[in-house]
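> Sharing a structure, written as structure tokens. Questions coming.
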Amino acid sequence: MTSRENSDRKLEIDSPDVTHYEYGGQESEERRRKEKALVRRLDYFIAPVVMLTNLISYLDRGNIGFAATQGMVEEIHLKGTQLNTAVSIFYIFYILAEFPTSVLVKRLQFDRVIPVITLCWGKNMSLIACLPCLVCLSTGFVKSFGLLVVTRILLGFFEGCLFPSLTLLLCNWYKREELGIRVAFLFIASALAGAFGGLLAWAVIHLDGVAQMSGWRWLYIIEGLITVVWAGLCVLLVPRSYETAYFLNGEQKALMRKRAEEMDAYSGGSGHYTKKDIKAAAKDVKSWTHGIIQIAVVTILYGFGTFLPIIIKDGFHYSTVQAQYLVIPVNLWGAIIYAIGAFISDRYATRFLPSVICAPFGIVGYAILLSDVPSGVRYFATYLIAIPCFLCTGGNITWLSVNCAPDGKRAASLGILLTLTNIGGVISGQIYQSGAGPAFTLGHAWSLGSLSIAWLGWWVVRSIYVSRQAYKNKSLMEGTVGLEADYTDRAPDFKYQI
């Protein structure tokens, strides 16, 4: 953007005679009505695909916790901390996949990447349980720790390609003021995956012994088949762009074209990111501050999501069957809280308050788990933990995403954040050690500390945005605006959402 264009843009934004959209397009009642209808249509056709894909992803990665309560540990002869190793190694290869996917997915096309990686991990999930039947009943692939590790590595790599693809797909279709609730769909899906996973795990207990296979093997078979079928549907459901979208008519495509022009500084359009974009993201302190916070909150999300059935069974002394269905209402509660928080965040364009208000509930919850109280009280504490568990994780991603421009820098910043994110996944696999029940002191104490660090971190992030915005406002008022060749989030007329 040239200096003249910057000046013109500022004058237009400041003009009291016309009202504008954030990215510069003139409003009208007719335009607002049509745009609301368009966004509603995107919510019918784009958001459900993203949500279901992420639900299946979390379902597949988290079922190891349910399988462990149903006899997998004993059946494949896991010893010591081997279960924890299998959980953690997933995230190492998840980390390796996320950054390159963030940078390349738009160029490779969403409609190609999402179905392919979904199919790949779906087949992998089926292999975990099915190969023992197809090769030999007595020397099946999953009768050893080694094969479990191999399958977790493959699962981690393919799923590591997925989350940045889904996040950037949403950024491609929605404006930033619309994005919070849509990114929330991803984490609402992860909460629902915990609930649905508990329901499915409870159901497959009744398949134990069918075809001479344990119930936990049926858990993997069923989930793997669901994933493979969904991958096939994604080929039809994920459009290449709004120009080829099967659910938009000519008028709606024209409006999408206009929205794309208005979002140009934020979303770009080429998908050809440069070293300059990556350097800009790496040099921006907010990328790393959000990333460090994400390590903390994801430690809680993955630790809570993966080990909750084990905590309920071994920590609260409930039966295996009870452990499967008691996770369902906890995860549903987390999904409801996140939906409410995301709506408020978008409605009032506030990213700080929902997280900083909800985190203390989780801190109290972990404090209760560290106390000597009845099992019923400790189970109640899981509902307190669920309040920030999903909301804070997704809210932190949204906060960074809406405050990055242009497209290349946003993709690189999200790549940094998502890469750091799964360091928390590696940690979560180690803090709830096998045999540490019923107290699970290390896991609960580490999680309490992580959430406290995140809470303090959000105040730091807020101070960064407030300071930068104050400098921008001062520069605009004094007319001492520095001219930039390229428009970025550091431009004076780019307003941070705080």
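Identifiers in the structure tokens: chain A, B, ... in order shown; residue index from 1 per chain; ligand index from 1 in order shown.
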Residues of stretch 261-477 of chain A in helix (DSSP H, G or I) according to DSSP, as number ranges by chain?

A: 261-262, 264-267, 275-283, 285-315, 320-347, 352-369, 375-401, 407-431, 441-477

> Give me the residues within 6 Å of stretch 195-200 of chain A as a count of residues only, counting only C-alpha atoms and dropping any in the same chain fewer than 2 places off.

9

> For a test of reading the model, state the distance in Å between atom CA of A:Ala97 and atom CA of A:Ala342, rounded to one decimal.

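Atom-to-atom, atom CA of A:Ala97 to atom CA of A:Ala342, that is 27.6 Å.
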
> So, with only C-alpha atoms as the atoms that count, which of A:Asp372, A:Asp60, A:Asp208, A:Asp43 lies closest to A:Gly305?

A:Asp60

> Report the closest atom pair, with its distance in Å rounded to one decimal, for each residue of stretch 376-403 of chain A that has an atom no farther than 10 Å from stretch 278-288 of chain A; count only C-alpha atoms, sort by chain and then rising residue number, and write it as a Markdown table.


```
| residue | atom | partner | partner_atom | distance |
| --- | --- | --- | --- | --- |
| A:Leu400 | CA | A:Ser287 | CA | 7.3 |
| A:Ser401 | CA | A:Ser287 | CA | 9.7 |
| A:Asn403 | CA | A:Lys286 | CA | 9.4 |
```

> Of the candidates A:Ala439, A:Ile181, A:Val373, A:Ala386, which shows the shortest atom-to-atom distance to A:Arg351, using only C-alpha atoms?

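So, comparing all the options, the nearest one is A:Ile181.
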
> Which residue is closest to A:Phe352? Choose from A:Tyr318, A:Glu223, A:Gln497, A:Gly429 and count only C-alpha atoms.

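So, comparing all the options, the nearest one is A:Gln497.
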